[in-house]
$ cat structure-v4.txt   # compact mmCIF, C-alpha atoms
# COMPACT_ATOMS: atom_id res chain seq x y z
CA GLU O 1 27.71 3.61 25.91
CA LEU O 2 30.26 6.40 25.37
CA TYR O 3 28.04 9.04 23.80
CA ARG O 4 24.35 9.64 23.05
CA GLY O 5 23.32 12.42 20.67
CA SER O 6 20.15 13.42 18.88
CA LEU O 7 20.87 11.02 15.97
CA ILE O 8 23.58 8.54 16.94
CA ARG O 9 24.93 6.63 19.90
CA VAL O 10 28.54 5.51 20.25
CA ALA O 11 29.32 2.43 22.30
CA ARG O 12 32.40 0.34 22.99
CA GLY O 13 31.90 -3.38 22.69
CA SER O 14 33.93 -6.47 23.34
CA PHE O 15 33.80 -9.16 20.65
CA ARG O 16 35.14 -12.64 19.96
CA ALA O 17 37.01 -13.06 16.66
CA PRO O 18 36.63 -16.18 14.48
CA ASP O 19 39.94 -17.45 15.92
CA GLY O 20 38.59 -17.12 19.47
CA SER O 21 40.59 -14.04 20.48
CA ARG O 22 38.84 -11.09 22.10
CA PHE O 23 38.91 -7.54 20.80
CA GLU O 24 37.19 -4.19 21.38
CA ARG O 25 35.58 -1.85 18.89
CA ASP O 26 33.79 1.48 19.09
CA ILE O 27 30.47 1.15 17.27
CA VAL O 28 28.23 3.95 16.00
CA HIS O 29 24.55 3.03 16.36
CA HIS O 30 22.31 4.76 13.83
CA PRO O 31 18.51 4.48 13.42
CA GLY O 32 18.83 3.64 9.72
CA ALA O 33 18.00 5.56 6.58
CA VAL O 34 16.10 5.49 3.33
CA VAL O 35 17.18 6.66 -0.11
CA VAL O 36 14.88 7.18 -3.08
CA VAL O 37 15.61 7.13 -6.82
CA PRO O 38 12.78 9.29 -8.20
CA LEU O 39 12.46 8.62 -11.93
CA ALA O 40 11.29 11.85 -13.55
CA GLY O 41 10.96 10.25 -16.95
CA PRO O 42 12.52 7.56 -19.11
CA GLY O 43 16.16 7.44 -18.16
CA THR O 44 16.21 10.47 -15.84
CA ALA O 45 16.23 10.85 -12.07
CA LEU O 46 15.76 13.77 -9.71
CA LEU O 47 18.68 14.58 -7.41
CA VAL O 48 19.14 17.27 -4.80
CA ARG O 49 22.12 19.50 -4.19
CA GLN O 50 22.55 20.31 -0.53
CA TYR O 51 25.19 21.41 1.93
CA ARG O 52 26.66 18.65 4.09
CA ALA O 53 28.26 19.98 7.27
CA ALA O 54 30.33 16.83 7.91
CA ILE O 55 32.37 17.47 4.76
CA GLY O 56 31.92 21.24 4.54
CA THR O 57 30.56 21.33 1.00
CA GLU O 58 27.51 20.65 -1.14
CA LEU O 59 26.77 17.25 -2.65
CA LEU O 60 24.59 16.20 -5.56
CA GLU O 61 22.70 13.23 -4.22
CA LEU O 62 19.50 11.24 -4.22
CA PRO O 63 16.81 12.32 -1.77
CA ALA O 64 17.27 10.47 1.49
CA GLY O 65 16.65 10.69 5.19
CA LYS O 66 17.11 9.05 8.52
CA ARG O 67 14.49 6.77 10.04
CA ASP O 68 13.74 9.09 12.93
CA VAL O 69 10.03 8.39 13.49
CA ASP O 70 9.54 5.48 15.90
CA GLY O 71 7.66 2.59 14.33
CA GLU O 72 7.42 4.19 10.89
CA PRO O 73 7.86 1.59 8.12
CA PRO O 74 10.81 2.38 5.81
CA GLU O 75 8.55 2.78 2.77
CA ARG O 76 6.57 5.47 4.60
CA THR O 77 9.82 7.24 5.50
CA ALA O 78 10.78 7.10 1.81
CA GLU O 79 7.42 8.60 0.78
CA ARG O 80 7.83 11.37 3.35
CA GLU O 81 11.40 12.20 2.31
CA LEU O 82 10.43 12.34 -1.38
CA ILE O 83 7.72 14.90 -0.58
CA GLU O 84 9.94 16.88 1.80
CA GLU O 85 12.97 17.15 -0.47
CA VAL O 86 11.76 17.14 -4.08
CA GLY O 87 8.03 17.84 -3.83
CA ARG O 88 6.93 14.62 -5.51
CA ARG O 89 4.59 11.80 -4.55
CA ALA O 90 5.27 8.36 -6.01
CA GLY O 91 2.47 6.40 -7.64
CA LYS O 92 4.68 3.35 -7.22
CA LEU O 93 7.48 2.72 -4.73
CA GLU O 94 9.60 -0.40 -5.15
CA LEU O 95 12.35 -1.68 -2.85
CA LEU O 96 15.52 -2.12 -4.94
CA ALA O 97 18.04 -3.03 -2.24
CA GLU O 98 19.06 -2.86 1.39
CA PHE O 99 22.65 -2.26 2.43
CA TYR O 100 24.99 -1.18 5.23
CA ASN O 101 26.84 2.07 4.57
CA SER O 102 29.99 1.61 6.68
CA PRO O 103 29.77 -1.70 8.57
CA GLY O 104 33.36 -1.43 9.79
CA PHE O 105 32.24 0.99 12.49
CA CYS O 106 28.51 1.74 12.07
CA ASP O 107 25.29 -0.31 12.04
CA GLU O 108 23.37 2.13 9.77
CA HIS O 109 21.07 0.10 7.52
CA THR O 110 19.69 1.76 4.38
CA TRP O 111 16.59 0.87 2.37
CA LEU O 112 16.81 1.94 -1.30
CA TYR O 113 13.59 2.58 -3.23
CA LEU O 114 12.73 3.28 -6.85
CA ALA O 115 9.92 5.84 -7.15
CA THR O 116 7.91 6.04 -10.37
CA ASP O 117 4.67 7.64 -11.59
CA LEU O 118 5.59 10.89 -9.84
CA THR O 119 3.14 13.72 -9.26
CA GLU O 120 4.16 17.18 -8.15
CA VAL O 121 3.14 18.26 -4.62
CA PRO O 122 4.35 21.09 -2.39
CA HIS O 123 7.68 20.21 -0.81
CA ASP O 124 7.95 20.20 2.98
CA ARG O 125 11.61 20.94 3.69
CA GLN O 126 12.54 20.49 7.33
CA GLY O 127 16.21 21.05 8.17
CA VAL O 128 18.50 24.03 7.76
CA GLU O 129 20.34 22.35 4.87
CA GLU O 130 17.08 21.44 3.11
CA HIS O 131 15.90 25.07 2.92
CA ALA O 132 18.73 25.92 0.50
CA MET O 133 18.46 22.62 -1.39
CA THR O 134 17.95 22.63 -5.16
CA VAL O 135 16.50 19.87 -7.37
CA HIS O 136 18.25 18.68 -10.54
CA GLU O 137 17.25 16.25 -13.27
CA VAL O 138 20.08 13.89 -14.24
CA ALA O 139 20.28 11.37 -17.07
CA LEU O 140 21.00 7.85 -15.82
CA GLY O 141 23.27 7.36 -18.84
CA ASP O 142 25.53 10.14 -17.50
CA LEU O 143 26.34 8.26 -14.29
CA ASP O 144 29.87 7.15 -15.28
CA ARG O 145 30.81 10.70 -16.31
CA LEU O 146 29.28 12.22 -13.16
CA VAL O 147 31.19 9.82 -10.90
CA ALA O 148 34.47 10.16 -12.83
CA SER O 149 34.27 13.97 -12.68
CA GLY O 150 33.48 13.93 -8.95
CA GLU O 151 30.16 15.67 -9.47
CA VAL O 152 28.49 12.65 -7.88
CA ALA O 153 30.63 11.44 -4.97
CA ASP O 154 28.02 10.10 -2.55
CA ALA O 155 27.95 6.29 -2.13
CA LYS O 156 24.18 5.89 -1.71
CA THR O 157 23.65 7.94 -4.87
CA ILE O 158 26.15 5.87 -6.86
CA VAL O 159 24.50 2.64 -5.68
CA GLY O 160 20.97 3.92 -6.33
CA LEU O 161 21.64 5.38 -9.76
CA SER O 162 23.62 2.29 -10.80
CA LEU O 163 20.75 -0.04 -9.91
CA ALA O 164 18.18 2.25 -11.55
CA ALA O 165 20.30 2.55 -14.72
CA ARG O 166 20.69 -1.22 -14.93
CA ARG O 167 16.93 -1.63 -14.52
CA ALA O 168 16.24 1.01 -17.21
CA GLY O 169 18.87 -0.41 -19.57
CA ALA O 170 20.71 2.94 -19.59
$ encode --input "structure-v4.txt" --output "C-alpha cells"
Amino acid sequence: ELYRGSLIRVARGSFRAPDGSRFERDIVHHPGAVVVVPLAGPGTALLVRQYRAAIGTELLELPAGKRDVDGEPPERTAERELIEEVGRRAGKLELLAEFYNSPGFCDEHTWLYLATDLTEVPHDRQGVEEHAMTVHEVALGDLDRLVASGEVADAKTIVGLSLAARRAGA
C-alpha cells in the first residue's frame, strides 16, 4: 500500500502477464459506486449540475455516489443517493448494468439503476458540492446533441442515458 485516504487506497502490485513475464502496476482501490437514471416522465430524465473539484468545473450528470456505507446493498445506496441529490424516491428501481469505470488503473465497480414511478421527497444533500447542486430535466432524445456539444461529458451519464434511451425507444 502506497497511500490510504478517506475514499481511495493506492497500492503497487506485481503481476504475471499472459506471456509469463512479470510487471508492476499502481492500482487505485475504490469502494465502488452507484448511478441512477431517474425517469421524470416519458422520455425525460433528471440530471444534476455540480462542481467537480478534480476537473475544476461543473458537470451535468446523473445522480450518483460512492458505496461508502459498509454492508449496504448497492440498490439501497442508489435509493439513498436519489433522495439526497434530487429529492425523489423511486417506486421501482431496476438494475440496468454493472461496469468498471477505468480498469486500466482502478478497480471501481459501478452499479447503474433505472428509477421509475418517482415521488417527490425532501432532498438530503450531504457534501459541499451537493449544497450548490441544481436539478435539470433532460430529454433522452437530446443525448447525441448534448454529448456532441460537450454539455454532457461524464462517462457514467453517457452510458446511463444511452441505455435508458434505448429502453424507452428514444
$ residues_around --input "structure-v4.txt" --residues "Phe99 (chain O)" --least-positions-apart "6" --cutoff "7 Å" --atoms "only C-alpha atoms" --output "mmCIF file with C-alpha atoms, in the coordinates of the input"
data_model
loop_
_atom_site.group_PDB
_atom_site.id
_atom_site.type_symbol
_atom_site.label_atom_id
_atom_site.label_comp_id
_atom_site.auth_asym_id
_atom_site.auth_seq_id
_atom_site.Cartn_x
_atom_site.Cartn_y
_atom_site.Cartn_z
ATOM 1 C CA HIS O 109 21.070 0.100 7.520
ATOM 2 C CA THR O 110 19.690 1.760 4.380
ATOM 3 C CA TRP O 111 16.590 0.870 2.370
#
$ residues_around --input "structure-v4.txt" --residues "region 129-146 of chain O" --least-positions-apart "6" --cutoff "7 Å" --atoms "only C-alpha atoms" --output "short mmCIF file (atom, residue, chain, number, x, y, z; two decimals) with C-alpha atoms, keeping the file's coordinate frame"
data_model
loop_
_atom_site.label_atom_id
_atom_site.label_comp_id
_atom_site.auth_asym_id
_atom_site.auth_seq_id
_atom_site.Cartn_x
_atom_site.Cartn_y
_atom_site.Cartn_z
CA GLY O 43 16.16 7.44 -18.16
CA THR O 44 16.21 10.47 -15.84
CA ALA O 45 16.23 10.85 -12.07
CA LEU O 46 15.76 13.77 -9.71
CA LEU O 47 18.68 14.58 -7.41
CA VAL O 48 19.14 17.27 -4.80
CA ARG O 49 22.12 19.50 -4.19
CA GLN O 50 22.55 20.31 -0.53
CA TYR O 51 25.19 21.41 1.93
CA GLU O 85 12.97 17.15 -0.47
CA VAL O 86 11.76 17.14 -4.08
CA VAL O 152 28.49 12.65 -7.88
CA LEU O 161 21.64 5.38 -9.76
CA ALA O 165 20.30 2.55 -14.72
CA ALA O 170 20.71 2.94 -19.59
#
$ closest_residue --input "structure-v4.txt" --among "O:Arg88, O:Ala148, O:Thr57, O:Val34" --to "Glu72 (chain O)" --atoms "all atoms listed in the file"
O:Val34
$ closest_residue --input "structure-v4.txt" --among "O:Pro42, O:Arg4, O:Thr119, O:Ala33" --to "Gly169 (chain O)" --atoms "only C-alpha atoms"
O:Pro42
$ atom_distance --input "structure-v4.txt" --atom1 "CA of Pro73 (chain O)" --atom2 "CA of Asp154 (chain O)"
24.3 Å
$ residues_around --input "structure-v4.txt" --residues "region 15-30 of chain O" --least-positions-apart "2" --cutoff "12 Å" --atoms "all atoms listed in the file" --output "count of residues only"
30
$ axis_aligned_box --input "structure-v4.txt" --around "region 149-161 of chain O" --padding-each-side "3 Å" --output "JSON"
{"center_x": 27.6, "center_y": 9.2, "center_z": -7.2, "size_x": 19.3, "size_y": 19.0, "size_z": 17.0}
$ build_atoms --input "structure-v4.txt" --residues "region 18-30 of chain O" --atoms "N, CA, C and O atoms" --output "mmCIF file, in the coordinates of the input"
data_model
loop_
_atom_site.group_PDB
_atom_site.id
_atom_site.type_symbol
_atom_site.label_atom_id
_atom_site.label_comp_id
_atom_site.auth_asym_id
_atom_site.auth_seq_id
_atom_site.Cartn_x
_atom_site.Cartn_y
_atom_site.Cartn_z
ATOM 1 N N PRO O 18 36.772 -14.797 14.943
ATOM 2 C CA PRO O 18 36.630 -16.180 14.480
ATOM 3 C C PRO O 18 37.690 -17.126 15.040
ATOM 4 O O PRO O 18 37.429 -18.308 15.223
ATOM 5 N N ASP O 19 38.886 -16.590 15.362
ATOM 6 C CA ASP O 19 39.940 -17.450 15.920
ATOM 7 C C ASP O 19 39.840 -17.600 17.429
ATOM 8 O O ASP O 19 40.684 -18.224 18.053
ATOM 9 N N GLY O 20 38.807 -16.994 18.037
ATOM 10 C CA GLY O 20 38.590 -17.120 19.470
ATOM 11 C C GLY O 20 39.170 -15.988 20.299
ATOM 12 O O GLY O 20 38.869 -15.875 21.484
ATOM 13 N N SER O 21 40.006 -15.157 19.716
ATOM 14 C CA SER O 21 40.590 -14.040 20.480
ATOM 15 C C SER O 21 39.523 -12.982 20.738
ATOM 16 O O SER O 21 38.514 -12.904 20.044
ATOM 17 N N ARG O 22 39.772 -12.166 21.740
ATOM 18 C CA ARG O 22 38.840 -11.090 22.100
ATOM 19 C C ARG O 22 39.397 -9.765 21.589
ATOM 20 O O ARG O 22 40.610 -9.570 21.553
ATOM 21 N N PHE O 23 38.496 -8.861 21.217
ATOM 22 C CA PHE O 23 38.910 -7.540 20.800
ATOM 23 C C PHE O 23 37.795 -6.539 21.097
ATOM 24 O O PHE O 23 36.655 -6.928 21.330
ATOM 25 N N GLU O 24 38.158 -5.257 21.130
ATOM 26 C CA GLU O 24 37.190 -4.190 21.380
ATOM 27 C C GLU O 24 37.046 -3.326 20.145
ATOM 28 O O GLU O 24 38.000 -3.138 19.387
ATOM 29 N N ARG O 25 35.845 -2.789 19.969
ATOM 30 C CA ARG O 25 35.580 -1.850 18.890
ATOM 31 C C ARG O 25 34.601 -0.787 19.384
ATOM 32 O O ARG O 25 33.709 -1.075 20.189
ATOM 33 N N ASP O 26 34.779 0.430 18.881
ATOM 34 C CA ASP O 26 33.790 1.480 19.090
ATOM 35 C C ASP O 26 32.802 1.377 17.931
ATOM 36 O O ASP O 26 33.210 1.313 16.763
ATOM 37 N N ILE O 27 31.522 1.341 18.262
ATOM 38 C CA ILE O 27 30.470 1.150 17.270
ATOM 39 C C ILE O 27 29.520 2.340 17.305
ATOM 40 O O ILE O 27 29.060 2.750 18.371
ATOM 41 N N VAL O 28 29.224 2.890 16.119
ATOM 42 C CA VAL O 28 28.230 3.950 16.000
ATOM 43 C C VAL O 28 26.886 3.281 15.712
ATOM 44 O O VAL O 28 26.755 2.535 14.736
ATOM 45 N N HIS O 29 25.910 3.547 16.560
ATOM 46 C CA HIS O 29 24.550 3.030 16.360
ATOM 47 C C HIS O 29 23.714 4.134 15.732
ATOM 48 O O HIS O 29 23.684 5.269 16.228
ATOM 49 N N HIS O 30 23.068 3.803 14.641
ATOM 50 C CA HIS O 30 22.310 4.760 13.830
ATOM 51 C C HIS O 30 20.911 4.182 13.608
ATOM 52 O O HIS O 30 20.774 2.977 13.423
#
